[in-house]
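The file work-v3.cif comes next; it holds mmCIF, C-alpha atoms.
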data_protein
loop_
_atom_site.label_atom_id
_atom_site.label_comp_id
_atom_site.auth_asym_id
_atom_site.auth_seq_id
_atom_site.Cartn_x
_atom_site.Cartn_y
_atom_site.Cartn_z
CA MET A 1 -33.11 -72.91 -8.18
CA MET A 2 -34.03 -71.82 -11.70
CA MET A 3 -37.39 -70.51 -10.46
CA ALA A 4 -35.71 -68.75 -7.54
CA SER A 5 -33.27 -67.07 -9.86
CA ILE A 6 -36.14 -65.89 -12.07
CA ALA A 7 -38.14 -64.61 -9.10
CA ALA A 8 -35.29 -62.53 -7.67
CA PRO A 9 -35.38 -59.72 -10.24
CA SER A 10 -39.21 -59.60 -9.95
CA LEU A 11 -38.73 -58.16 -6.44
CA LEU A 12 -37.60 -54.86 -7.91
CA GLY A 13 -41.27 -53.77 -8.35
CA SER A 14 -44.36 -54.32 -6.16
CA SER A 15 -46.59 -55.23 -9.14
CA SER A 16 -44.10 -57.88 -10.30
CA LEU A 17 -43.94 -59.29 -6.78
CA LYS A 18 -47.75 -59.64 -6.64
CA LYS A 19 -47.73 -61.48 -9.99
CA SER A 20 -45.09 -63.88 -8.74
CA VAL A 21 -47.05 -64.71 -5.57
CA SER A 22 -50.29 -65.10 -7.57
CA GLY A 23 -48.51 -67.45 -9.92
CA VAL A 24 -47.33 -69.55 -6.99
CA SER A 25 -50.91 -69.86 -5.61
CA GLY A 26 -52.22 -71.05 -8.98
CA PHE A 27 -49.44 -73.50 -9.24
CA LEU A 28 -50.27 -74.97 -5.78
CA SER A 29 -54.02 -75.32 -6.50
CA LYS A 30 -53.46 -77.24 -9.72
CA ASN A 31 -50.44 -79.37 -8.83
CA THR A 32 -50.81 -81.00 -5.39
CA ASN A 33 -47.94 -83.41 -6.13
CA THR A 34 -45.51 -80.55 -6.25
CA ILE A 35 -46.49 -78.90 -2.95
CA PHE A 36 -43.08 -79.45 -1.48
CA MET A 37 -41.40 -77.75 -4.44
CA ALA A 38 -43.85 -74.83 -4.34
CA SER A 39 -43.49 -74.57 -0.58
CA HIS A 40 -39.74 -74.51 -1.01
CA PHE A 41 -40.10 -71.84 -3.74
CA ALA A 42 -42.37 -69.66 -1.53
CA SER A 43 -39.92 -70.00 1.34
CA SER A 44 -37.05 -69.02 -0.95
CA THR A 45 -39.06 -66.07 -2.23
CA ALA A 46 -39.83 -64.89 1.30
CA THR A 47 -36.14 -65.23 2.18
CA LEU A 48 -35.21 -63.17 -0.85
CA VAL A 49 -37.76 -60.51 0.13
CA PHE A 50 -36.34 -60.36 3.65
CA THR A 51 -32.77 -60.27 2.34
CA PHE A 52 -33.63 -57.57 -0.19
CA LYS A 53 -35.26 -55.36 2.45
CA GLN A 54 -32.32 -55.90 4.77
CA GLN A 55 -29.96 -54.90 1.95
CA GLN A 56 -32.09 -51.82 1.28
CA ARG A 57 -31.81 -50.79 4.92
CA GLN A 58 -28.05 -51.36 4.88
CA HIS A 59 -27.73 -49.35 1.65
CA ILE A 60 -29.70 -46.44 3.12
CA TYR A 61 -27.59 -46.60 6.29
CA ARG A 62 -24.41 -46.55 4.22
CA GLN A 63 -25.70 -43.55 2.25
CA TYR A 64 -26.55 -41.73 5.48
CA SER A 65 -23.17 -42.58 6.99
CA THR A 66 -21.34 -41.41 3.87
CA LEU A 67 -23.28 -38.14 3.82
CA ASN A 68 -22.68 -37.64 7.52
CA ASN A 69 -18.95 -38.30 7.14
CA HIS A 70 -18.82 -35.97 4.13
CA ASN A 71 -20.44 -33.17 6.13
CA ALA A 72 -18.08 -33.80 9.02
CA SER A 73 -15.13 -33.69 6.63
CA ASN A 74 -16.35 -30.39 5.17
CA ASN A 75 -16.76 -28.98 8.64
CA ASN A 76 -13.20 -29.95 9.50
CA SER A 77 -11.69 -28.66 6.25
CA ASN A 78 -13.60 -25.40 6.50
CA GLY A 79 -12.90 -24.93 10.17
CA ALA A 80 -10.13 -22.42 9.63
CA ASP A 81 -12.19 -20.48 7.07
CA THR A 82 -15.16 -20.43 9.40
CA LYS A 83 -12.95 -19.17 12.20
CA ASP A 84 -11.49 -16.49 9.94
CA ASN A 85 -14.96 -15.43 8.86
CA ASN A 86 -16.14 -15.37 12.44
CA ASP A 87 -13.09 -13.34 13.40
CA LYS A 88 -13.82 -10.88 10.60
CA ASN A 89 -17.47 -10.65 11.61
CA ASN A 90 -16.50 -10.12 15.23
CA ASP A 91 -13.86 -7.60 14.18
CA SER A 92 -16.40 -5.60 12.16
CA LEU A 93 -18.52 -5.20 15.27
CA LYS A 94 -15.75 -3.32 17.07
CA LYS A 95 -15.71 0.48 17.24
CA ILE A 96 -12.04 0.79 16.37
CA LYS A 97 -9.39 -0.89 14.22
CA ILE A 98 -5.60 -0.58 14.63
CA TYR A 99 -2.92 -1.28 12.02
CA LYS A 100 0.84 -1.08 12.44
CA SER A 101 3.49 -1.41 9.75
CA THR A 102 6.46 -3.64 10.52
CA THR A 103 8.44 -2.44 7.51
CA ASN A 104 10.25 0.87 7.06
CA ASN A 105 9.80 0.96 3.28
CA PRO A 106 8.42 4.49 2.68
CA LEU A 107 6.72 3.71 -0.62
CA PHE A 108 4.98 0.67 0.88
CA ASN A 109 3.84 2.62 3.93
CA ILE A 110 2.45 5.52 1.92
CA ALA A 111 0.75 3.05 -0.43
CA THR A 112 -0.72 1.20 2.56
CA GLU A 113 -2.11 4.44 3.92
CA ASP A 114 -3.86 5.19 0.62
CA TRP A 115 -5.10 1.60 0.33
CA LEU A 116 -6.54 1.76 3.86
CA PHE A 117 -8.23 5.03 2.97
CA LYS A 118 -10.10 3.30 0.17
CA GLN A 119 -10.82 0.09 2.10
CA PHE A 120 -11.37 0.90 5.79
CA ASN A 121 -14.67 0.07 7.48
CA LEU A 122 -16.80 3.23 7.56
CA ASN A 123 -18.36 2.08 10.83
CA GLN A 124 -14.99 2.05 12.60
CA GLN A 125 -12.43 4.60 13.73
CA THR A 126 -9.13 3.39 12.30
CA LEU A 127 -5.53 4.09 13.36
CA PHE A 128 -2.41 3.32 11.31
CA LEU A 129 1.11 3.72 12.76
CA TRP A 130 4.33 3.56 10.72
CA ARG A 131 7.81 5.01 10.14
CA ASN A 132 10.22 5.25 7.22
CA THR A 133 13.86 4.93 6.33
CA PRO A 134 15.36 8.27 5.14
CA THR A 135 12.95 9.80 2.67
CA VAL A 136 11.64 13.14 1.50
CA VAL A 137 7.87 13.14 1.13
CA ILE A 138 6.46 15.93 -1.01
CA GLY A 139 2.86 17.08 -1.32
CA ARG A 140 0.73 16.08 -4.25
CA TYR A 141 1.15 19.43 -6.04
CA GLN A 142 4.80 20.13 -5.27
CA ASN A 143 7.84 20.28 -7.51
CA PRO A 144 10.67 18.01 -6.27
CA TYR A 145 13.23 19.95 -8.29
CA LYS A 146 12.37 23.03 -6.29
CA GLU A 147 11.82 21.43 -2.88
CA CYS A 148 14.66 18.88 -2.75
CA HIS A 149 18.34 18.53 -3.43
CA LEU A 150 17.88 15.47 -5.62
CA GLN A 151 21.54 14.85 -6.35
CA ARG A 152 22.39 14.58 -2.66
CA MET A 153 19.39 12.34 -2.14
CA ASP A 154 20.57 10.02 -4.92
CA GLU A 155 24.07 9.89 -3.49
CA ASP A 156 22.78 9.01 0.00
CA ASN A 157 19.99 6.64 -1.13
CA VAL A 158 17.28 8.90 0.26
CA VAL A 159 13.91 8.00 -1.28
CA LEU A 160 11.67 10.58 -2.93
CA ALA A 161 7.99 9.92 -2.34
CA ARG A 162 4.94 11.89 -3.41
CA ARG A 163 1.84 11.51 -1.26
CA TYR A 164 -1.77 11.85 -2.42
CA SER A 165 -2.59 14.61 0.05
CA GLY A 166 -1.43 18.24 -0.17
CA GLY A 167 0.94 20.16 2.06
CA GLY A 168 4.67 20.79 2.02
CA ALA A 169 7.80 18.69 1.79
CA VAL A 170 8.99 16.83 4.89
CA TYR A 171 12.09 14.83 5.65
CA GLN A 172 11.56 11.56 7.53
CA ASP A 173 13.84 8.90 8.94
CA LEU A 174 13.69 6.24 11.65
CA GLY A 175 13.63 8.99 14.29
CA ASN A 176 10.17 9.99 13.10
CA THR A 177 6.81 8.34 13.86
CA ASN A 178 3.87 8.69 11.48
CA PHE A 179 0.23 8.40 12.50
CA THR A 180 -2.93 8.25 10.40
CA PHE A 181 -6.52 8.54 11.67
CA LEU A 182 -9.19 7.32 9.22
CA SER A 183 -12.86 8.09 9.84
CA ASN A 184 -16.27 8.31 8.26
CA THR A 185 -16.63 11.96 7.28
CA ASN A 186 -19.74 12.24 9.47
CA SER A 187 -17.72 11.29 12.56
CA TYR A 188 -14.39 12.83 11.52
CA ASP A 189 -12.97 15.26 14.09
CA LYS A 190 -9.41 16.51 13.65
CA HIS A 191 -9.51 18.22 17.07
CA ARG A 192 -10.26 14.88 18.71
CA ASN A 193 -7.42 13.29 16.75
CA THR A 194 -5.03 16.05 17.80
CA SER A 195 -6.12 15.59 21.41
CA ILE A 196 -5.18 11.90 21.22
CA ILE A 197 -1.63 12.87 20.18
CA ILE A 198 -1.36 15.69 22.75
CA ASN A 199 -2.64 13.48 25.59
CA SER A 200 -0.21 10.75 24.54
CA LEU A 201 2.68 13.20 24.75
CA LYS A 202 1.53 14.39 28.16
CA ASN A 203 1.40 10.78 29.37
CA LEU A 204 5.05 10.46 28.30
CA GLY A 205 6.07 13.47 30.35
CA ILE A 206 6.40 16.00 27.52
CA PRO A 207 5.83 19.48 29.02
CA GLU A 208 2.77 21.38 27.77
CA PRO A 209 2.32 20.16 24.19
CA GLU A 210 -0.31 22.27 22.41
CA ALA A 211 -1.98 22.71 19.05
CA SER A 212 -0.72 25.61 16.96
CA GLY A 213 -2.38 27.01 13.86
CA ARG A 214 -4.22 24.58 11.60
CA ASN A 215 -1.71 21.78 11.39
CA ASP A 216 0.98 21.77 14.06
CA ILE A 217 1.70 20.65 17.61
CA ILE A 218 4.38 22.63 19.43
CA VAL A 219 6.35 22.21 22.63
CA GLN A 220 8.08 25.23 24.17
CA GLY A 221 7.35 27.23 21.05
CA LYS A 222 8.96 24.74 18.65
CA LYS A 223 7.24 22.37 16.24
CA ILE A 224 7.33 18.65 17.05
CA SER A 225 4.44 17.51 14.84
CA GLY A 226 2.79 18.57 11.59
CA SER A 227 -0.37 17.28 9.94
CA ALA A 228 -2.21 17.18 6.63
CA TYR A 229 -5.75 16.14 5.75
CA LYS A 230 -7.74 14.52 2.98
CA GLN A 231 -11.46 14.02 2.38
CA SER A 232 -13.28 12.14 -0.37
CA GLY A 233 -17.01 11.56 -0.02
CA GLN A 234 -17.67 9.57 3.13
CA ARG A 235 -13.97 8.97 3.76
CA SER A 236 -11.60 11.31 5.60
CA PHE A 237 -8.15 11.03 7.09
CA HIS A 238 -5.81 13.05 9.25
CA HIS A 239 -2.15 12.11 9.13
CA GLY A 240 0.94 13.59 10.70
CA THR A 241 4.47 13.16 11.97
CA ILE A 242 6.05 13.16 15.42
CA MET A 243 9.72 14.10 15.65
CA ILE A 244 11.42 11.86 18.20
CA ASP A 245 15.06 11.78 17.11
CA VAL A 246 15.17 13.00 13.50
CA ASN A 247 18.55 13.84 11.98
CA LEU A 248 18.11 17.63 11.86
CA ASP A 249 21.19 18.10 9.67
CA SER A 250 19.40 16.14 6.96
CA LEU A 251 16.58 18.68 6.93
CA GLN A 252 19.03 21.27 5.64
CA LYS A 253 20.92 18.82 3.46
CA TYR A 254 17.99 17.49 1.44
CA LEU A 255 15.31 20.20 1.65
CA ASN A 256 15.03 23.67 0.16
CA PRO A 257 18.20 23.89 -1.93
CA ASN A 258 19.13 27.32 -3.16
CA LYS A 259 17.54 27.48 -6.59
CA ASP A 260 16.64 31.11 -6.92
CA LYS A 261 16.33 30.89 -10.68
CA LEU A 262 13.89 28.00 -10.75
CA LYS A 263 10.38 29.28 -11.27
CA SER A 264 7.55 26.89 -10.51
CA LYS A 265 3.80 27.04 -10.12
CA GLY A 266 3.96 24.38 -7.42
CA ILE A 267 3.27 24.88 -3.73
CA SER A 268 6.32 25.93 -1.71
CA SER A 269 7.26 24.50 1.66
CA VAL A 270 7.55 26.64 4.76
CA ILE A 271 10.61 26.31 6.99
CA SER A 272 9.68 25.93 10.66
CA ARG A 273 11.61 25.88 13.92
CA VAL A 274 11.62 22.29 15.11
CA VAL A 275 12.80 20.23 18.10
CA ASN A 276 13.24 16.52 18.77
CA LEU A 277 11.22 15.05 21.66
CA LYS A 278 14.22 12.99 22.71
CA THR A 279 15.87 16.18 23.95
CA LEU A 280 12.96 16.47 26.40
CA ASN A 281 12.70 12.77 27.32
CA GLU A 282 15.69 10.61 26.42
CA ASN A 283 13.72 7.38 26.97
CA LEU A 284 11.36 8.03 24.07
CA ASN A 285 11.46 5.85 20.95
CA HIS A 286 9.11 4.73 18.19
CA GLU A 287 7.73 1.78 20.17
CA THR A 288 6.94 3.78 23.32
CA ILE A 289 5.23 6.49 21.28
CA CYS A 290 3.16 3.93 19.35
CA SER A 291 2.15 2.06 22.50
CA THR A 292 1.01 5.26 24.21
CA ILE A 293 -0.95 6.46 21.17
CA ILE A 294 -2.68 3.06 20.93
CA ASP A 295 -3.64 3.23 24.62
CA GLU A 296 -5.02 6.75 24.26
CA PHE A 297 -6.86 5.83 21.05
CA GLN A 298 -8.58 2.91 22.83
CA LYS A 299 -9.37 5.07 25.85
CA THR A 300 -10.93 7.78 23.66
CA TYR A 301 -13.39 5.32 22.12
CA GLY A 302 -13.91 3.17 25.23
CA GLU A 303 -12.68 -0.07 23.72
CA PHE A 304 -9.66 -1.96 25.05
CA ASN A 305 -7.45 -4.96 24.23
CA VAL A 306 -8.03 -4.46 20.51
CA GLU A 307 -5.91 -6.76 18.37
CA ILE A 308 -3.29 -4.92 16.31
CA GLU A 309 -3.00 -6.05 12.69
CA GLU A 310 0.55 -5.89 11.37
CA LEU A 311 1.32 -5.18 7.71
CA ASN A 312 4.52 -5.48 5.66
CA THR A 313 5.74 -5.91 2.08
CA SER A 314 4.82 -9.62 2.03
CA ASP A 315 1.19 -8.45 1.94
CA LEU A 316 1.75 -7.15 -1.61
CA GLU A 317 1.54 -10.73 -2.86
CA ARG A 318 -1.78 -11.54 -1.18
CA ILE A 319 -3.50 -8.15 -1.64
CA PRO A 320 -3.58 -7.17 -5.35
CA SER A 321 -5.31 -3.84 -4.68
CA LEU A 322 -2.51 -2.83 -2.28
CA ASN A 323 0.14 -3.89 -4.78
CA GLU A 324 -1.53 -1.77 -7.46
CA VAL A 325 -1.27 1.38 -5.30
CA TYR A 326 2.32 0.52 -4.40
CA GLN A 327 3.32 0.18 -8.06
CA THR A 328 1.76 3.57 -8.85
CA LEU A 329 3.59 5.38 -6.04
CA ASN A 330 6.84 3.70 -7.02
CA ASN A 331 6.53 4.86 -10.62
CA TRP A 332 8.73 7.69 -11.94
CA ASP A 333 5.76 9.29 -13.64
CA TRP A 334 4.03 9.75 -10.27
CA ARG A 335 7.03 10.81 -8.20
CA TYR A 336 8.65 13.11 -10.76
CA GLY A 337 6.43 13.31 -13.83
CA ASN A 338 3.47 14.52 -11.81
CA SER A 339 5.28 17.78 -11.08
CA PRO A 340 3.71 21.07 -12.17
CA ALA A 341 5.18 22.89 -15.15
CA PHE A 342 8.39 24.75 -14.35
CA GLU A 343 11.32 26.61 -15.84
CA HIS A 344 14.95 26.28 -14.86
CA GLN A 345 17.76 28.59 -15.88
CA PHE A 346 21.49 27.87 -15.50
CA GLU A 347 24.46 30.10 -16.29
CA LYS A 348 28.21 29.50 -16.03
CA ARG A 349 31.45 30.88 -17.40
CA PHE A 350 33.90 28.34 -18.88
CA ASP A 351 37.31 28.91 -20.47
CA TRP A 352 35.73 28.30 -23.87
CA GLY A 353 32.82 30.70 -23.28
CA THR A 354 29.76 31.59 -21.21
CA ILE A 355 26.67 29.41 -21.46
CA ASP A 356 23.13 30.30 -20.38
CA ILE A 357 20.72 27.33 -20.51
CA ASN A 358 16.95 27.78 -20.18
CA LEU A 359 14.77 24.67 -19.85
CA ASN A 360 10.96 24.55 -19.79
CA CYS A 361 9.48 21.31 -18.45
CA THR A 362 6.01 19.83 -18.42
CA LYS A 363 5.42 16.60 -16.47
CA SER A 364 9.20 16.64 -15.90
CA ILE A 365 9.84 16.32 -19.65
CA ILE A 366 11.98 19.01 -21.30
CA ASP A 367 9.66 20.50 -23.91
CA LYS A 368 11.51 23.73 -24.64
CA VAL A 369 15.26 24.48 -24.74
CA LYS A 370 16.90 27.85 -25.29
CA ILE A 371 20.68 28.18 -24.97
CA TYR A 372 22.64 31.44 -25.20
CA SER A 373 26.43 31.35 -25.53
CA ASP A 374 29.45 33.27 -26.84
CA SER A 375 31.20 29.99 -27.68
CA LEU A 376 33.04 29.85 -30.99
CA ASN A 377 31.41 26.49 -31.71
CA PRO A 378 27.78 27.27 -32.64
CA THR A 379 27.28 23.76 -34.03
CA MET A 380 27.88 22.30 -30.58
CA ILE A 381 25.32 24.70 -29.04
CA GLU A 382 22.71 23.83 -31.67
CA LEU A 383 23.26 20.07 -31.23
CA LEU A 384 23.01 20.48 -27.48
CA SER A 385 19.62 22.20 -27.78
CA ASN A 386 18.26 19.52 -30.10
CA ASN A 387 19.47 16.59 -28.00
CA LEU A 388 18.12 17.88 -24.69
CA LEU A 389 14.66 18.44 -26.14
CA GLY A 390 12.18 15.71 -25.18
CA MET A 391 14.43 14.19 -22.51
CA ARG A 392 13.29 13.53 -18.96
CA TYR A 393 14.53 16.10 -16.48
CA THR A 394 17.00 13.76 -14.77
CA THR A 395 20.78 13.69 -14.51
CA GLN A 396 20.80 10.38 -16.38
CA ASP A 397 18.77 11.61 -19.36
CA ILE A 398 20.62 14.93 -19.59
CA SER A 399 23.91 13.01 -19.58
CA ILE A 400 22.61 10.84 -22.41
CA GLY A 401 21.65 13.94 -24.42
CA ILE A 402 25.12 15.49 -24.03
CA ASP A 403 26.84 12.20 -24.92
CA ARG A 404 24.85 12.09 -28.14
CA CYS A 405 26.38 15.44 -29.12
CA LYS A 406 29.86 14.03 -28.46
CA ASN A 407 29.13 11.06 -30.72
CA VAL A 408 28.11 13.37 -33.55
CA LEU A 409 31.00 15.87 -33.33
CA GLN A 410 33.78 13.44 -32.40
CA THR A 411 36.59 15.91 -31.85
CA VAL A 412 38.88 16.09 -28.86
CA GLU A 413 38.15 19.78 -28.27
CA THR A 414 34.35 19.46 -28.27
CA ASP A 415 34.52 16.23 -26.25
CA ASN A 416 36.38 18.05 -23.50
CA GLN A 417 34.03 21.03 -23.58
CA LEU A 418 30.90 18.88 -23.49
CA GLU A 419 32.30 16.68 -20.69
CA GLU A 420 33.04 19.79 -18.63
CA LEU A 421 29.53 21.08 -19.32
CA LYS A 422 27.96 17.74 -18.35
CA ASN A 423 29.87 17.48 -15.09
CA TRP A 424 28.64 20.91 -14.10
CA LEU A 425 25.07 20.60 -15.33
CA ILE A 426 24.25 17.34 -13.53
CA THR A 427 25.25 18.96 -10.22
CA VAL A 428 22.84 21.87 -10.51
CA ILE A 429 19.62 20.34 -11.82
#
Go ahead and render the structure in this file as structure tokens.
Amino acid sequence: MMMASIAAPSLLGSSSLKKSVSGVSGFLSKNTNTIFMASHFASSTATLVFTFKQQQRQHIYRQYSTLNNHNASNNNSNGADTKDNNDKNNDSLKKIKIYKSTTNNPLFNIATEDWLFKQFNLNQQTLFLWRNTPTVVIGRYQNPYKECHLQRMDEDNVVLARRYSGGGAVYQDLGNTNFTFLSNTNSYDKHRNTSIIINSLKNLGIPEPEASGRNDIIVQGKKISGSAYKQSGQRSFHHGTIMIDVNLDSLQKYLNPNKDKLKSKGISSVISRVVNLKTLNENLNHETICSTIIDEFQKTYGEFNVEIEELNTSDLERIPSLNEVYQTLNNWDWRYGNSPAFEHQFEKRFDWGTIDINLNCTKSIIDKVKIYSDSLNPTMIELLSNNLLGMRYTTQDISIGIDRCKNVLQTVETDNQLEELKNWLITVI
């Protein structure tokens, strides 16, 4: 048994094995009396060799089985990813792509549109459909203080949004459907896009919709849709609105306030005669319009049963690049501060005197103040000028500036005068 235990490790190498066998032969030739022991040793050695080889085969089999099971496990764990990748690959082979927003958050929807513009597949024609809660959307180079009645908007929780494209101010609510066509510039065709909308309206029984001018679609001489466009390198888009059941009173309430004395270098909006499609077909709504546009879009490009990808605010958490655009559009500096330079002049007669306030603003920051008055309190007028300078052009900041004057003067008479001035001023800016 001692010799067997010594021989076992010698099996680890072929040269050691040969030496062991050679040693056994020499031992047999010189010691005939110990043949039985040698024979028993040789038999034990052979058994060990057989056992060792069998163990090797079992070890290799176990390694193979483990590897095979590991690969199978990977295949199972990656099954969903592989399916997703295959879906994406299959999706990229399609001619068209359709997105639809399931949220009415205007800032999210406008951010999504810009994000899609930067991300969409250049080999596909892409359609995005969406609508917003009450909001006023101004063009990139417009002045909200000129185009909108901001105080009324604040009171009624109407959102101000500034889009990246040009054009005029528009009011939108849930009675309005928005569409966006995104294309490679080489294949971009706004006439084809307009035809998709016109054919969709015809399919819904709208009488004789037609293109008018550069941007509009009219029915019976009245505007029901307006468009704007953007191009950057290989990427182009055409977006527009369709008036289904918009609150027309809100158009007058929130747009184009009478501010004759506000002078701005920004682009002015043009008032148009408009009509709601629901007055022509009472069965129309956002869903029927979207469904018909999707059908016509698929028909135009000869591809049907395309899966519609839905987007909403929960996607902000999983798509950092979308969230980045959303945060920018939601920022005061973009919505208000991005306004062109402007001047605003106010004048009013109070019991304590006439006041004529002239404010110059750059990026919606008051950078020049000139106040004329016949008030008998020149200190108050001087303090007012100093405390409005550098403030943001908002009712909140202007109120803060006036309250600072009250804290300095601290008399009942000036407190009353400044409070009266504040209550008037925040209603006219």
Determine, using all atoms listed in the file, which residues of range 274-308 of chain A have any atom at most 10 Å from an atom of range 210-234 of chain A, and tabulate each with its shortest atom pair and distance in Å to one decimal place, rows ordered by chain and then rising number, as a Markdown table.
| residue | atom | partner | partner_atom | distance |
| --- | --- | --- | --- | --- |
| A:Val274 | CA | A:Lys223 | CA | 4.5 |
| A:Val275 | CA | A:Ile224 | CA | 5.8 |
| A:Asn276 | CA | A:Ile224 | CA | 6.5 |
| A:Leu277 | CA | A:Ile224 | CA | 7.0 |
| A:Leu280 | CA | A:Val219 | CA | 9.5 |
Expected selection from the PyMOL selection byres ((chain A and resi 303) around 12), given as a PyMOL selection string: chain A and resi 93-98+124-125+294-302+304-307
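Minimum atom-to-atom distance to Leu425 in chain A, evaluated using only C-alpha atoms, belongs to A:Thr395 out of A:Gln252, A:Thr133, A:Thr395, A:Asn407.
Interatomic distance, CA of Pro340 in chain A against CA of Asn157 in chain A: 24.4 Å.
Here the question is which of A:Asn281, A:Ser165, A:Lys146, A:Gln151 gets nearest to Pro207 in chain A using all atoms listed in the file, and that residue is A:Asn281.
Here CA of Ser375 in chain A stands at a distance of 26.9 Å from CA of Phe342 in chain A.
The space between CA of Asp249 in chain A and CA of Asn285 in chain A spans 19.3 Å.
Run against this file, the PyMOL selection byres ((chain A and resi 188) around 12) gives back Leu122, Asn123, Gln124, Gln125, Thr126, Phe181, Leu182, Ser183, Asn184, Thr185, Asn186, Ser187, Asp189, Lys190, His191, Arg192, Asn193, Thr194, Tyr229, Lys230, Gln231, Ser232, Gly233, Gln234, Arg235, Ser236, Phe237 and His238 of chain A.
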What does the file look like for those residues with C-alpha atoms, as a compact mmCIF listing (two decimals), keeping the file's coordinate frame?
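Dumped everything to selection_26.txt:
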# COMPACT_ATOMS: atom_id res chain seq x y z
CA LEU A 122 -16.80 3.23 7.56
CA ASN A 123 -18.36 2.08 10.83
CA GLN A 124 -14.99 2.05 12.60
CA GLN A 125 -12.43 4.60 13.73
CA THR A 126 -9.13 3.39 12.30
CA PHE A 181 -6.52 8.54 11.67
CA LEU A 182 -9.19 7.32 9.22
CA SER A 183 -12.86 8.09 9.84
CA ASN A 184 -16.27 8.31 8.26
CA THR A 185 -16.63 11.96 7.28
CA ASN A 186 -19.74 12.24 9.47
CA SER A 187 -17.72 11.29 12.56
CA ASP A 189 -12.97 15.26 14.09
CA LYS A 190 -9.41 16.51 13.65
CA HIS A 191 -9.51 18.22 17.07
CA ARG A 192 -10.26 14.88 18.71
CA ASN A 193 -7.42 13.29 16.75
CA THR A 194 -5.03 16.05 17.80
CA TYR A 229 -5.75 16.14 5.75
CA LYS A 230 -7.74 14.52 2.98
CA GLN A 231 -11.46 14.02 2.38
CA SER A 232 -13.28 12.14 -0.37
CA GLY A 233 -17.01 11.56 -0.02
CA GLN A 234 -17.67 9.57 3.13
CA ARG A 235 -13.97 8.97 3.76
CA SER A 236 -11.60 11.31 5.60
CA PHE A 237 -8.15 11.03 7.09
CA HIS A 238 -5.81 13.05 9.25
Ser314 in chain A environment, 12 Å, all atoms listed in the file, sequence neighbours closer than 6 positions dropped, as a list in words: Ser101, Thr102, Thr103, Asn105, Phe108, Pro320, Leu322 and Asn323 of chain A
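Across the chains present, the PyMOL selection byres ((chain A and resi 359-370) around 8) applied to this file returns Asp333, Tyr336, Gly337, Asn338, Ser339, Pro340, Ala341, Phe342, Glu343, His344, Gln345, Ile357, Asn358, Ile371, Tyr372, Ser385, Asn386, Leu388, Leu389, Gly390, Met391, Arg392 and Tyr393 of chain A.
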Go ahead and save the residues from that selection, with C-alpha atoms, as a compact mmCIF listing (two decimals), keeping the file's coordinate frame.
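Everything below was put into selection_3.txt:
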# COMPACT_ATOMS: atom_id res chain seq x y z
CA ASP A 333 5.76 9.29 -13.64
CA TYR A 336 8.65 13.11 -10.76
CA GLY A 337 6.43 13.31 -13.83
CA ASN A 338 3.47 14.52 -11.81
CA SER A 339 5.28 17.78 -11.08
CA PRO A 340 3.71 21.07 -12.17
CA ALA A 341 5.18 22.89 -15.15
CA PHE A 342 8.39 24.75 -14.35
CA GLU A 343 11.32 26.61 -15.84
CA HIS A 344 14.95 26.28 -14.86
CA GLN A 345 17.76 28.59 -15.88
CA ILE A 357 20.72 27.33 -20.51
CA ASN A 358 16.95 27.78 -20.18
CA ILE A 371 20.68 28.18 -24.97
CA TYR A 372 22.64 31.44 -25.20
CA SER A 385 19.62 22.20 -27.78
CA ASN A 386 18.26 19.52 -30.10
CA LEU A 388 18.12 17.88 -24.69
CA LEU A 389 14.66 18.44 -26.14
CA GLY A 390 12.18 15.71 -25.18
CA MET A 391 14.43 14.19 -22.51
CA ARG A 392 13.29 13.53 -18.96
CA TYR A 393 14.53 16.10 -16.48
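Of the residues under consideration (A:Ile293, A:Val158, A:Val136, A:Val246), A:Ile293 shows the shortest atom-to-atom contact distance to Asn203 in chain A when counting all atoms listed in the file.
In this comparison, which uses only C-alpha atoms, the residue of A:Asn256, A:Asp315, A:Arg349, A:Asn387 approaching Asp374 in chain A most closely is A:Arg349.
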Exercise: Ser321 in chain A partners within 10 Å, only C-alpha atoms, chain neighbours under 4 positions left out, as a list in words: Thr112, Trp115, Lys118, Gln119, Leu316, Glu317, Val325 and Tyr326 of chain A
Print the selection's residues with C-alpha atoms to a file, as a PDB file, keeping the file's coordinate frame.
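In the end it all went to out_33.pdb:
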ATOM      1  CA  THR A 112      -0.720   1.200   2.560  1.00  0.00           C
ATOM      2  CA  TRP A 115      -5.100   1.600   0.330  1.00  0.00           C
ATOM      3  CA  LYS A 118     -10.100   3.300   0.170  1.00  0.00           C
ATOM      4  CA  GLN A 119     -10.820   0.090   2.100  1.00  0.00           C
ATOM      5  CA  LEU A 316       1.750  -7.150  -1.610  1.00  0.00           C
ATOM      6  CA  GLU A 317       1.540 -10.730  -2.860  1.00  0.00           C
ATOM      7  CA  VAL A 325      -1.270   1.380  -5.300  1.00  0.00           C
ATOM      8  CA  TYR A 326       2.320   0.520  -4.400  1.00  0.00           C
TER       9      TYR A 326
END
Test item: residues at most 10 Å from range 409-421 of chain A, only C-alpha atoms, excluding those fewer than 6 positions along its chain, as number ranges by chain: A: 348, 350-353, 355, 377, 379-381, 383-384, 399, 402-403
